[in-house]
file work.txt (compact mmCIF, C-alpha atoms)
# COMPACT_ATOMS: atom_id res chain seq x y z
CA MET A 1 4.40 14.68 -10.95
CA VAL A 2 1.07 12.88 -11.32
CA TRP A 3 -1.99 14.58 -9.81
CA ASN A 4 -5.74 14.17 -10.01
CA VAL A 5 -6.74 17.85 -9.91
CA ARG A 6 -10.50 17.26 -10.16
CA GLY A 7 -11.00 19.88 -12.83
CA LEU A 8 -8.68 22.34 -14.53
CA CYS A 9 -11.26 24.82 -15.78
CA ASN A 10 -10.90 27.65 -13.27
CA SER A 11 -7.91 29.96 -13.06
CA SER A 12 -7.27 29.36 -9.35
CA THR A 13 -6.67 25.66 -9.99
CA GLN A 14 -4.36 26.45 -12.88
CA LYS A 15 -2.34 28.85 -10.70
CA GLU A 16 -2.02 26.21 -7.99
CA VAL A 17 -0.76 23.70 -10.55
CA VAL A 18 1.85 26.19 -11.77
CA SER A 19 2.89 26.85 -8.17
CA MET A 20 3.22 23.12 -7.46
CA LEU A 21 5.36 22.62 -10.58
CA ASP A 22 7.64 25.56 -9.79
CA ARG A 23 8.06 24.84 -6.07
CA ASN A 24 9.12 21.26 -6.72
CA GLY A 25 11.12 21.70 -9.92
CA VAL A 26 8.87 19.39 -11.94
CA SER A 27 9.78 18.86 -15.61
CA LEU A 28 7.28 16.08 -16.49
CA CYS A 29 3.72 15.88 -15.21
CA ALA A 30 0.37 14.23 -15.82
CA LEU A 31 -2.85 15.94 -14.72
CA LEU A 32 -5.83 13.64 -14.26
CA GLU A 33 -9.57 14.34 -14.34
CA THR A 34 -9.08 17.76 -15.96
CA ARG A 35 -12.72 17.73 -17.20
CA MET A 36 -11.76 20.11 -20.00
CA HIS A 37 -13.29 20.14 -23.46
CA ILE A 38 -11.05 19.11 -26.30
CA SER A 39 -11.21 22.64 -27.74
CA ARG A 40 -9.63 24.17 -24.62
CA ILE A 41 -7.15 21.62 -23.28
CA ASN A 42 -4.17 22.57 -25.43
CA LYS A 43 -4.65 26.29 -24.79
CA VAL A 44 -4.83 25.78 -21.03
CA CYS A 45 -1.76 23.51 -20.99
CA LYS A 46 0.20 26.13 -22.92
CA GLY A 47 -0.98 28.75 -20.43
CA ILE A 48 0.39 26.68 -17.54
CA LYS A 49 3.81 26.12 -19.13
CA GLY A 50 4.15 27.94 -22.43
CA ASN A 51 7.47 26.37 -23.42
CA TRP A 52 6.37 22.80 -22.67
CA GLN A 53 5.01 20.21 -25.03
CA CYS A 54 1.75 18.48 -24.18
CA TYR A 55 -0.55 15.60 -25.08
CA SER A 56 -4.04 14.60 -23.96
CA ASN A 57 -6.47 11.76 -24.56
CA ALA A 58 -9.35 14.24 -25.00
CA SER A 59 -10.49 12.67 -28.28
CA LEU A 60 -11.09 9.34 -26.48
CA CYS A 61 -13.15 10.74 -23.58
CA ASN A 62 -16.90 11.31 -23.43
CA ARG A 63 -16.99 13.67 -20.43
CA GLY A 64 -14.00 15.95 -20.75
CA THR A 65 -10.29 15.24 -20.89
CA ARG A 66 -9.22 12.55 -18.42
CA ILE A 67 -5.42 12.58 -18.83
CA ALA A 68 -3.21 15.49 -19.92
CA ILE A 69 0.58 15.14 -20.07
CA GLY A 70 3.10 17.98 -20.21
CA TRP A 71 6.89 17.94 -20.32
CA ASP A 72 9.89 20.20 -20.66
CA PRO A 73 11.51 19.30 -24.01
CA GLY A 74 14.87 20.36 -22.61
CA ALA A 75 14.68 17.58 -20.01
CA TRP A 76 12.52 14.88 -21.59
CA ASP A 77 11.60 13.24 -24.87
CA VAL A 78 8.13 11.70 -24.68
CA PHE A 79 6.72 9.37 -27.33
CA VAL A 80 3.08 8.27 -26.95
CA ILE A 81 2.83 4.59 -27.86
CA ASN A 82 -0.83 3.94 -27.19
CA SER A 83 -3.71 5.83 -25.64
CA PHE A 84 -7.05 4.83 -24.14
CA ASP A 85 -9.63 6.65 -22.08
CA GLN A 86 -8.16 5.23 -18.83
CA VAL A 87 -4.43 5.04 -19.59
CA VAL A 88 -1.76 6.60 -21.78
CA HIS A 89 1.34 4.51 -22.52
CA CYS A 90 4.56 6.36 -23.35
CA ARG A 91 8.20 5.73 -23.94
CA VAL A 92 10.24 8.47 -22.28
CA HIS A 93 13.88 9.46 -22.47
CA SER A 94 15.55 11.41 -19.69
CA LYS A 95 18.15 13.78 -21.10
CA ASN A 96 19.67 14.29 -17.66
CA SER A 97 20.38 10.61 -17.02
CA ASN A 98 20.33 9.42 -20.66
CA HIS A 99 17.93 6.63 -19.66
CA THR A 100 14.96 5.43 -21.71
CA PHE A 101 12.03 3.54 -20.23
CA PHE A 102 8.29 2.93 -20.54
CA MET A 103 5.91 5.06 -18.49
CA SER A 104 2.13 4.79 -18.18
CA PHE A 105 -0.29 7.34 -16.74
CA VAL A 106 -3.56 5.97 -15.32
CA TYR A 107 -6.92 7.44 -14.44
CA ALA A 108 -9.17 4.44 -13.78
CA ASP A 109 -12.92 4.57 -14.17
CA ASN A 110 -15.25 4.60 -11.16
CA ASP A 111 -17.21 1.68 -12.60
CA TYR A 112 -15.60 -1.67 -11.77
CA ARG A 113 -16.71 -3.11 -15.12
CA ASP A 114 -14.72 -0.47 -16.98
CA ARG A 115 -11.77 -0.92 -14.62
CA ARG A 116 -11.58 -4.53 -15.71
CA LYS A 117 -10.93 -3.23 -19.23
CA LEU A 118 -8.05 -1.22 -17.80
CA TRP A 119 -6.56 -4.34 -16.18
CA ASP A 120 -6.68 -5.97 -19.63
CA TYR A 121 -4.98 -2.94 -21.23
CA LEU A 122 -2.16 -3.15 -18.69
CA TRP A 123 -1.67 -6.88 -19.28
CA ILE A 124 -1.47 -6.30 -23.05
CA HIS A 125 1.06 -3.51 -22.56
CA HIS A 126 3.08 -5.80 -20.28
CA SER A 127 3.49 -8.22 -23.19
CA LEU A 128 4.96 -5.33 -25.20
CA VAL A 129 7.25 -4.11 -22.41
CA LYS A 130 8.60 -7.60 -21.60
CA ASP A 131 11.83 -7.08 -19.66
CA GLU A 132 12.21 -3.36 -20.35
CA PRO A 133 12.00 -0.85 -17.46
CA TRP A 134 8.39 0.22 -16.84
CA LEU A 135 6.93 2.80 -14.45
CA ILE A 136 3.20 3.33 -13.99
CA ALA A 137 1.47 6.01 -11.90
CA GLY A 138 -1.94 7.55 -11.38
CA ASP A 139 -5.36 7.20 -9.81
CA PHE A 140 -6.44 3.55 -9.90
CA ASN A 141 -9.77 4.20 -8.12
CA GLN A 142 -9.29 0.95 -6.23
CA VAL A 143 -7.59 -0.07 -3.01
CA LEU A 144 -5.45 -3.18 -2.92
CA LYS A 145 -6.26 -4.37 0.61
CA PRO A 146 -8.63 -3.46 3.46
CA SER A 147 -5.97 -1.50 5.37
CA GLU A 148 -5.83 1.02 2.50
CA SER A 149 -9.31 2.29 3.41
CA THR A 150 -10.60 3.60 6.71
CA ARG A 151 -13.95 1.86 6.20
CA SER A 152 -13.03 -1.48 4.66
CA SER A 153 -12.78 -4.57 6.84
CA SER A 154 -12.44 -7.46 4.40
CA PHE A 155 -11.17 -8.38 0.96
CA ASP A 156 -13.59 -8.23 -1.97
CA SER A 157 -13.58 -9.28 -5.62
CA PHE A 158 -12.48 -5.81 -6.76
CA MET A 159 -9.31 -6.04 -4.68
CA THR A 160 -8.72 -9.54 -6.03
CA ASP A 161 -9.03 -8.33 -9.63
CA PHE A 162 -6.56 -5.52 -8.96
CA GLN A 163 -4.09 -7.83 -7.22
CA ARG A 164 -4.29 -10.33 -10.07
CA CYS A 165 -3.50 -7.55 -12.55
CA ILE A 166 -0.45 -6.49 -10.53
CA ASP A 167 0.78 -10.07 -10.26
CA ASP A 168 0.28 -10.77 -13.96
CA THR A 169 2.18 -7.64 -14.97
CA ASN A 170 5.02 -8.14 -12.44
CA LEU A 171 4.51 -4.70 -10.91
CA GLY A 172 5.16 -3.56 -7.35
CA ASP A 173 4.83 -0.36 -5.35
CA ILE A 174 7.70 2.10 -5.54
CA ASN A 175 9.17 3.24 -2.23
CA ALA A 176 6.87 6.04 -1.04
CA THR A 177 6.87 8.71 1.64
CA GLY A 178 4.40 11.40 2.64
CA LEU A 179 0.68 10.70 2.95
CA TYR A 180 -0.43 7.09 3.10
CA TYR A 181 -4.07 7.75 2.25
CA THR A 182 -3.95 9.58 -1.08
CA TRP A 183 -7.66 10.35 -1.37
CA ASN A 184 -9.79 12.18 1.14
CA GLN A 185 -13.56 12.39 1.15
CA LYS A 186 -14.07 15.50 3.24
CA PRO A 187 -16.15 14.64 6.31
CA ARG A 188 -19.78 15.66 6.25
CA GLY A 189 -21.24 15.60 9.71
CA ILE A 190 -19.58 12.71 11.52
CA GLY A 191 -16.52 10.96 10.13
CA GLY A 192 -15.14 10.86 6.62
CA LEU A 193 -13.37 8.45 4.33
CA LEU A 194 -9.69 8.08 3.52
CA ARG A 195 -8.33 5.70 0.89
CA LYS A 196 -5.12 4.89 -0.95
CA LEU A 197 -6.39 5.22 -4.52
CA ASP A 198 -3.28 6.75 -6.08
CA ARG A 199 -0.10 4.72 -6.41
CA THR A 200 3.16 4.52 -8.30
CA MET A 201 4.40 1.09 -9.37
CA GLY A 202 7.17 -0.37 -11.46
CA ASN A 203 8.89 -3.58 -12.45
CA THR A 204 12.27 -4.74 -11.19
CA ASN A 205 14.09 -3.32 -14.20
CA ILE A 206 13.03 0.25 -13.48
CA LEU A 207 14.49 -0.19 -9.98
CA SER A 208 17.71 -1.50 -11.49
CA MET A 209 17.86 1.59 -13.69
CA PHE A 210 17.01 4.00 -10.83
CA PRO A 211 18.01 2.33 -7.52
CA LYS A 212 17.01 5.44 -5.55
CA LEU A 213 13.65 5.90 -7.29
CA HIS A 214 10.99 7.09 -4.86
CA VAL A 215 7.71 8.98 -4.72
CA MET A 216 6.38 11.50 -2.20
CA TYR A 217 2.65 12.03 -1.74
CA LYS A 218 2.10 15.67 -0.81
CA PRO A 219 -0.95 17.14 0.99
CA TYR A 220 -4.09 17.36 -1.14
CA GLY A 221 -4.15 21.13 -1.61
CA ILE A 222 -6.94 22.20 -3.98
CA SER A 223 -7.90 18.62 -4.79
CA ASP A 224 -9.10 15.64 -2.80
CA HIS A 225 -6.20 13.63 -4.22
CA SER A 226 -2.58 13.81 -3.16
CA PRO A 227 -0.08 14.86 -5.85
CA ALA A 228 2.63 12.25 -6.42
CA LEU A 229 6.11 13.72 -6.82
CA ILE A 230 8.34 11.10 -8.45
CA SER A 231 12.09 11.53 -8.12
CA PHE A 232 14.69 9.90 -10.36
CA PRO A 233 17.94 10.36 -8.41
CA ILE A 234 21.03 9.79 -10.52
CA GLY A 235 24.29 8.41 -9.27
CA LYS A 236 25.82 5.39 -7.65
CA PRO A 237 23.64 4.11 -4.82
CA LYS A 238 25.05 4.51 -1.34
CA LYS A 239 26.30 1.32 0.23
CA TYR A 240 24.47 0.44 3.42
CA TYR A 241 25.92 -1.85 6.03
CA ASP A 242 23.82 -4.28 8.00
CA PHE A 243 22.91 -3.20 11.51
CA LYS A 244 24.44 -5.54 14.03
CA PHE A 245 22.95 -5.77 17.48
CA VAL A 246 25.33 -6.86 20.23
CA ASN A 247 23.43 -9.18 22.55
CA ASN A 248 25.67 -8.17 25.44
CA PHE A 249 23.81 -4.84 25.51
CA THR A 250 20.84 -6.63 27.06
CA ASN A 251 22.88 -7.49 30.12
CA HIS A 252 23.34 -3.84 31.00
CA PRO A 253 21.18 -3.02 34.05
CA GLN A 254 19.69 0.09 32.36
CA PHE A 255 18.99 -1.52 28.95
CA HIS A 256 15.29 -2.31 29.33
CA ASP A 257 14.51 0.89 31.24
CA THR A 258 16.21 3.02 28.60
CA VAL A 259 14.48 1.35 25.66
CA GLN A 260 11.13 1.39 27.40
CA SER A 261 11.44 5.09 28.25
CA ILE A 262 12.29 6.02 24.65
CA TRP A 263 9.51 4.01 23.02
CA GLY A 264 7.05 4.81 25.76
CA ASN A 265 7.62 8.55 25.40
CA ARG A 266 7.20 8.34 21.63
CA VAL A 267 3.90 6.47 21.82
CA GLU A 268 2.52 8.82 24.46
CA ALA A 269 3.65 11.91 22.53
CA LEU A 270 1.93 10.64 19.38
CA ARG A 271 -1.16 9.77 21.40
CA VAL A 272 -1.39 13.37 22.64
CA GLU A 273 -0.97 14.77 19.10
CA LEU A 274 -3.53 12.32 17.71
CA GLU A 275 -6.09 13.24 20.36
CA ARG A 276 -5.49 16.93 19.67
CA ALA A 277 -6.01 16.38 15.93
CA GLU A 278 -9.18 14.37 16.59
CA GLU A 279 -10.57 17.16 18.74
CA GLN A 280 -9.82 19.72 16.02
CA LEU A 281 -11.42 17.48 13.39
CA ASP A 282 -14.51 17.14 15.57
CA ARG A 283 -14.78 20.94 15.90
CA ASP A 284 -14.03 21.62 12.24
CA PRO A 285 -14.84 18.51 10.11
CA ASP A 286 -14.63 20.42 6.83
CA ASN A 287 -11.08 21.64 7.40
CA GLU A 288 -8.86 19.84 4.89
CA GLU A 289 -5.60 20.65 6.68
CA VAL A 290 -6.93 19.18 9.91
CA SER A 291 -8.01 16.01 8.08
CA VAL A 292 -4.54 15.62 6.59
CA GLU A 293 -2.90 16.18 9.98
CA HIS A 294 -5.20 13.65 11.61
CA ALA A 295 -4.37 11.01 8.96
CA LYS A 296 -0.67 11.63 9.49
CA TYR A 297 -0.78 11.22 13.27
CA LEU A 298 -3.06 8.20 13.01
CA GLU A 299 -0.59 6.42 10.74
CA GLU A 300 2.41 7.30 12.93
CA PHE A 301 0.59 6.29 16.12
CA THR A 302 -0.46 2.93 14.66
CA LYS A 303 3.09 2.28 13.50
CA ALA A 304 4.49 3.20 16.91
CA LEU A 305 2.09 0.80 18.65
CA CYS A 306 3.22 -2.03 16.36
CA GLU A 307 6.87 -1.25 17.06
CA GLU A 308 6.20 -1.17 20.80
CA GLU A 309 4.47 -4.55 20.57
CA CYS A 310 7.50 -6.01 18.75
CA LEU A 311 9.74 -4.63 21.48
CA LEU A 312 7.64 -6.26 24.20
CA ARG A 313 7.73 -9.58 22.36
CA GLN A 314 11.50 -9.34 22.11
CA LYS A 315 11.73 -8.51 25.79
CA THR A 316 9.64 -11.59 26.62
CA LYS A 317 11.95 -13.70 24.47
CA LEU A 318 15.01 -12.29 26.23
CA ASN A 319 13.48 -13.10 29.60
CA TRP A 320 12.97 -16.69 28.48
CA LEU A 321 16.56 -16.94 27.21
CA LYS A 322 17.77 -15.60 30.55
CA GLU A 323 15.59 -17.57 32.94
CA GLY A 324 13.77 -20.19 30.89
CA ASP A 325 16.22 -23.04 31.41
CA ARG A 326 16.55 -22.47 35.12
CA ASN A 327 14.30 -23.92 37.80
CA THR A 328 12.92 -20.47 38.62
CA LYS A 329 9.50 -19.00 39.37
CA TYR A 330 9.50 -17.56 35.85
CA TYR A 331 9.98 -21.06 34.38
CA HIS A 332 7.12 -22.54 36.37
CA LYS A 333 4.91 -19.54 35.57
CA VAL A 334 5.41 -20.07 31.82
CA ILE A 335 4.79 -23.81 32.12
CA LYS A 336 1.57 -23.26 34.05
CA GLU A 337 0.35 -20.72 31.48
CA ARG A 338 1.02 -23.16 28.65
CA GLN A 339 -0.70 -25.98 30.52
CA SER A 340 -3.71 -23.75 31.09
CA ARG A 341 -3.89 -22.81 27.40
CA ASN A 342 -3.49 -26.41 26.26
CA LYS A 343 -5.96 -27.95 28.71
CA ILE A 344 -9.22 -29.23 27.21
CA ASN A 345 -12.02 -28.41 29.63
CA SER A 346 -14.91 -29.69 27.51
CA ILE A 347 -15.53 -31.69 24.37
CA THR A 348 -18.47 -32.12 22.01
CA GLY A 349 -19.25 -35.68 20.93
CA SER A 350 -20.33 -36.85 17.51
CA ASN A 351 -23.95 -36.64 18.66
CA GLY A 352 -23.57 -32.92 19.39
CA VAL A 353 -23.68 -33.30 23.19
CA MET A 354 -21.04 -31.39 25.19
CA HIS A 355 -19.20 -33.30 27.94
CA GLY A 356 -17.11 -32.08 30.87
CA ALA A 357 -13.38 -32.41 31.53
CA ASN A 358 -13.71 -35.78 33.29
CA GLN A 359 -15.18 -37.34 30.13
CA VAL A 360 -12.79 -35.84 27.57
CA ALA A 361 -10.53 -38.92 27.39
CA ASP A 362 -13.42 -41.41 27.04
CA ILE A 363 -15.16 -39.38 24.30
CA ALA A 364 -11.91 -38.97 22.33
CA ILE A 365 -11.12 -42.70 22.53
CA ALA A 366 -14.67 -43.63 21.48
CA HIS A 367 -14.56 -41.23 18.53
CA PHE A 368 -11.27 -42.44 17.08
CA SER A 369 -12.12 -46.09 17.77
CA ASP A 370 -15.29 -45.68 15.76
CA PHE A 371 -13.47 -43.70 13.07
CA LEU A 372 -10.32 -45.82 12.68
CA GLY A 373 -11.00 -49.15 14.38
CA LYS A 374 -13.75 -50.67 12.20
CA ASP A 375 -13.71 -52.54 8.93
CA ARG A 376 -15.57 -50.68 6.21
CA ASP A 377 -16.61 -51.52 2.68
CA VAL A 378 -14.42 -49.91 0.00
CA ASP A 379 -15.64 -49.31 -3.54
CA PRO A 380 -13.57 -51.33 -6.03
CA ILE A 381 -11.60 -49.59 -8.79
CA ILE A 382 -13.62 -49.94 -11.98
CA SER A 383 -10.79 -49.31 -14.43
CA LEU A 384 -7.17 -48.29 -14.27
CA THR A 385 -7.78 -46.00 -17.22
CA ALA A 386 -9.30 -43.54 -14.78
CA PHE A 387 -5.76 -42.51 -13.91
CA SER A 388 -3.67 -40.54 -16.41
CA ALA A 389 -0.49 -42.09 -15.10
CA ILE A 390 0.48 -44.93 -12.77
CA LEU A 391 3.47 -44.29 -10.54

call {"tool": "encode", "arguments": {"input": "work.txt", "output": "structure tokens"}}
result
Amino acid sequence: MVWNVRGLCNSSTQKEVVSMLDRNGVSLCALLETRMHISRINKVCKGIKGNWQCYSNASLCNRGTRIAIGWDPGAWDVFVINSFDQVVHCRVHSKNSNHTFFMSFVYADNDYRDRRKLWDYLWIHHSLVKDEPWLIAGDFNQVLKPSESTRSSSFDSFMTDFQRCIDDTNLGDINATGLYYTWNQKPRGIGGLLRKLDRTMGNTNILSMFPKLHVMYKPYGISDHSPALISFPIGKPKKYYDFKFVNNFTNHPQFHDTVQSIWGNRVEALRVELERAEEQLDRDPDNEEVSVEHAKYLEEFTKALCEEECLLRQKTKLNWLKEGDRNTKYYHKVIKERQSRNKINSITGSNGVMHGANQVADIAIAHFSDFLGKDRDVDPIISLTAFSAIL
């Protein structure tokens, strides 16, 4: 488990961490942003799990411990390879599966200039890992694309830096379930902010070692970050057979009505639940459980709308396959729609003046005649040495 707990100083937070570990059978965890002084961190970790071993990067932090790692020595061997204020690199051995791999725990800085140092640390560690299995998890304090934030509408340089780091280190997101937005800024007044700041990534070799590897992001609980529960299922992966759709199904008279009723009911049911959650959030904007429920229904509703759109596109395609080659009203309707879309009703000349449909042909001919139909002076080549190679 990897969880940004936003402080581990009070006893209620410590009890919740213990409860989370026990309920989910966790044997290896990293707690981020503990904010604890170096003199207390070991004592508190022992109080949470007395028989566990622990490590922290407290000596490298200016404002309290950022990353604390604990593990059950009966299940794991953990060797710290390198440690920085924003990341701890380890080599871990699972005694249950007898597998050894690299694992890194991240708590990125809020300042983008310091995060760039983290991207460099990860690239350096990648050169050490090479082709060995590598798993990395934590709070990266940065979204990867606009859709991972409820208030971002375009790419920026911070996303580009993060994406470049991921590409250079050959990492990719591990299959995840649970909450999509892993960080929640509790609404104050109107609205709020949800972002996917926490993620679990790995290279292809970690997926070869654990084909069923996955992570579940649980509700925030005491924190504003979602705890990531990483599972390492052992055993031969189940063989899945490709789904084969029989086109003859579409000829059944009840096919479209049946599919439409199923998808339509699902979208409408999610719409009702989403509206209910939005109303509750409006009445109680500080309620964390309501915010989590709203984010869940919003994600499911958006996904359902996309699936419904794909279904409608497929239905349109089937209609064309059925009637498109026949001299039917449907055929002529499609042709007229295409002609309407492709028709040029106005054109702007090279002088910036807009002309109507009756002048489109003349303006186009005049433009290309002037552009392609005249002799022009061409600068001579001064020297062939300007080219590095002559083909």

call {"tool": "residues_near_point", "arguments": {"input": "work.txt", "point": "(6.6, 24.9, -17.6)", "cutoff": "12 Å", "atoms": "only C-alpha atoms", "output": "JSON list (two decimals) with C-alpha atoms, keeping the file's coordinate frame"}}
result
[["chain", "number", "residue", "atom", "x", "y", "z"],
["A", 15, "LYS", "CA", -2.34, 28.85, -10.70],
["A", 17, "VAL", "CA", -0.76, 23.70, -10.55],
["A", 18, "VAL", "CA", 1.85, 26.19, -11.77],
["A", 19, "SER", "CA", 2.89, 26.85, -8.17],
["A", 20, "MET", "CA", 3.22, 23.12, -7.46],
["A", 21, "LEU", "CA", 5.36, 22.62, -10.58],
["A", 22, "ASP", "CA", 7.64, 25.56, -9.79],
["A", 23, "ARG", "CA", 8.06, 24.84, -6.07],
["A", 24, "ASN", "CA", 9.12, 21.26, -6.72],
["A", 25, "GLY", "CA", 11.12, 21.70, -9.92],
["A", 26, "VAL", "CA", 8.87, 19.39, -11.94],
["A", 27, "SER", "CA", 9.78, 18.86, -15.61],
["A", 28, "LEU", "CA", 7.28, 16.08, -16.49],
["A", 29, "CYS", "CA", 3.72, 15.88, -15.21],
["A", 44, "VAL", "CA", -4.83, 25.78, -21.03],
["A", 45, "CYS", "CA", -1.76, 23.51, -20.99],
["A", 46, "LYS", "CA", 0.20, 26.13, -22.92],
["A", 47, "GLY", "CA", -0.98, 28.75, -20.43],
["A", 48, "ILE", "CA", 0.39, 26.68, -17.54],
["A", 49, "LYS", "CA", 3.81, 26.12, -19.13],
["A", 50, "GLY", "CA", 4.15, 27.94, -22.43],
["A", 51, "ASN", "CA", 7.47, 26.37, -23.42],
["A", 52, "TRP", "CA", 6.37, 22.80, -22.67],
["A", 53, "GLN", "CA", 5.01, 20.21, -25.03],
["A", 54, "CYS", "CA", 1.75, 18.48, -24.18],
["A", 69, "ILE", "CA", 0.58, 15.14, -20.07],
["A", 70, "GLY", "CA", 3.10, 17.98, -20.21],
["A", 71, "TRP", "CA", 6.89, 17.94, -20.32],
["A", 72, "ASP", "CA", 9.89, 20.20, -20.66],
["A", 73, "PRO", "CA", 11.51, 19.30, -24.01],
["A", 74, "GLY", "CA", 14.87, 20.36, -22.61],
["A", 75, "ALA", "CA", 14.68, 17.58, -20.01]]

call {"tool": "closest_residue", "arguments": {"input": "work.txt", "among": "A:Arg66, A:Lys303, A:Arg91, A:Arg116", "to": "Ala30 of chain A", "atoms": "all atoms listed in the file"}}
result
A:Arg66

call {"tool": "closest_residue", "arguments": {"input": "work.txt", "among": "A:Leu194, A:Leu270, A:Met354, A:Val292", "to": "Leu305 of chain A", "atoms": "only C-alpha atoms"}}
result
A:Leu270

call {"tool": "closest_atom_pairs", "arguments": {"input": "work.txt", "of": "segment 71-144 of chain A", "to": "segment 166-169 of chain A", "cutoff": "10 Å", "atoms": "only C-alpha atoms", "output": "CSV"}}
result
residue,atom,partner,partner_atom,distance
A:Trp119,CA,A:Ile166,CA,8.6
A:Leu122,CA,A:Thr169,CA,7.3
A:Trp123,CA,A:Thr169,CA,5.8
A:Ile124,CA,A:Thr169,CA,9.0
A:His125,CA,A:Thr169,CA,8.7
A:His126,CA,A:Thr169,CA,5.7
A:Ser127,CA,A:Thr169,CA,8.3
A:Val129,CA,A:Thr169,CA,9.7
A:Lys130,CA,A:Thr169,CA,9.2
A:Leu144,CA,A:Ile166,CA,9.7

call {"tool": "residues_around", "arguments": {"input": "work.txt", "residues": "segment 227-235 of chain A", "least_positions_apart": "3", "cutoff": "6 Å", "atoms": "only C-alpha atoms", "output": "PyMOL selection string"}}
result
chain A and resi 1-3+212-218

call {"tool": "atom_distance", "arguments": {"input": "work.txt", "atom1": "atom CA of Met159 of chain A", "atom2": "atom CA of Ser83 of chain A"}}
result
24.7 Å

call {"tool": "atom_distance", "arguments": {"input": "work.txt", "atom1": "atom CA of Ser223 of chain A", "atom2": "atom CA of Thr13 of chain A"}}
result
8.8 Å

call {"tool": "residues_around", "arguments": {"input": "work.txt", "residues": "Gly64 of chain A", "least_positions_apart": "6", "cutoff": "9 Å", "atoms": "all atoms listed in the file", "output": "list of chain:residue names"}}
result
A:Glu33, A:Thr34, A:Arg35, A:Met36, A:His37, A:Ile38, A:Ala58

call {"tool": "atom_distance", "arguments": {"input": "work.txt", "atom1": "atom CA of Arg6 of chain A", "atom2": "atom CA of Ala295 of chain A"}}
result
21.0 Å

call {"tool": "residues_around", "arguments": {"input": "work.txt", "residues": "Asp198 of chain A", "least_positions_apart": "5", "cutoff": "6 Å", "atoms": "all atoms listed in the file", "output": "PyMOL selection string"}}
result
chain A and resi 138-140+182

call {"tool": "residues_around", "arguments": {"input": "work.txt", "residues": "segment 271-276 of chain A", "least_positions_apart": "2", "cutoff": "9 Å", "atoms": "all atoms listed in the file", "output": "number ranges by chain"}}
result
A: 266-269, 278-281, 293-298, 301

call {"tool": "build_atoms", "arguments": {"input": "work.txt", "residues": "segment 43-47 of chain A", "atoms": "all heavy atoms", "output": "JSON list (two decimals), in the coordinates of the input"}}
result
[["chain", "number", "residue", "atom", "x", "y", "z"],
["A", 43, "LYS", "N", -4.85, 24.88, -25.14],
["A", 43, "LYS", "CA", -4.65, 26.29, -24.79],
["A", 43, "LYS", "C", -4.33, 26.43, -23.31],
["A", 43, "LYS", "O", -3.43, 27.20, -22.92],
["A", 43, "LYS", "CB", -5.89, 27.09, -25.15],
["A", 43, "LYS", "CG", -5.78, 28.58, -24.83],
["A", 43, "LYS", "CD", -7.05, 29.32, -25.23],
["A", 43, "LYS", "CE", -6.94, 30.80, -24.87],
["A", 43, "LYS", "NZ", -8.18, 31.54, -25.24],
["A", 44, "VAL", "N", -5.06, 25.70, -22.47],
["A", 44, "VAL", "CA", -4.83, 25.78, -21.03],
["A", 44, "VAL", "C", -3.46, 25.23, -20.67],
["A", 44, "VAL", "O", -2.73, 25.81, -19.85],
["A", 44, "VAL", "CB", -5.94, 25.03, -20.28],
["A", 44, "VAL", "CG1", -5.60, 24.90, -18.79],
["A", 44, "VAL", "CG2", -7.27, 25.74, -20.44],
["A", 45, "CYS", "N", -3.07, 24.10, -21.27],
["A", 45, "CYS", "CA", -1.76, 23.51, -20.99],
["A", 45, "CYS", "C", -0.64, 24.47, -21.38],
["A", 45, "CYS", "O", 0.35, 24.61, -20.66],
["A", 45, "CYS", "CB", -1.61, 22.19, -21.73],
["A", 45, "CYS", "SG", -2.65, 20.86, -21.05],
["A", 46, "LYS", "N", -0.81, 25.15, -22.50],
["A", 46, "LYS", "CA", 0.20, 26.13, -22.92],
["A", 46, "LYS", "C", 0.23, 27.32, -21.96],
["A", 46, "LYS", "O", 1.27, 27.92, -21.72],
["A", 46, "LYS", "CB", -0.10, 26.60, -24.34],
["A", 46, "LYS", "CG", 0.19, 25.56, -25.41],
["A", 46, "LYS", "CD", 1.68, 25.23, -25.48],
["A", 46, "LYS", "CE", 1.97, 24.23, -26.58],
["A", 46, "LYS", "NZ", 3.41, 23.87, -26.63],
["A", 47, "GLY", "N", -0.94, 27.66, -21.39],
["A", 47, "GLY", "CA", -0.98, 28.75, -20.43],
["A", 47, "GLY", "C", -0.29, 28.40, -19.14],
["A", 47, "GLY", "O", 0.25, 29.28, -18.45]]
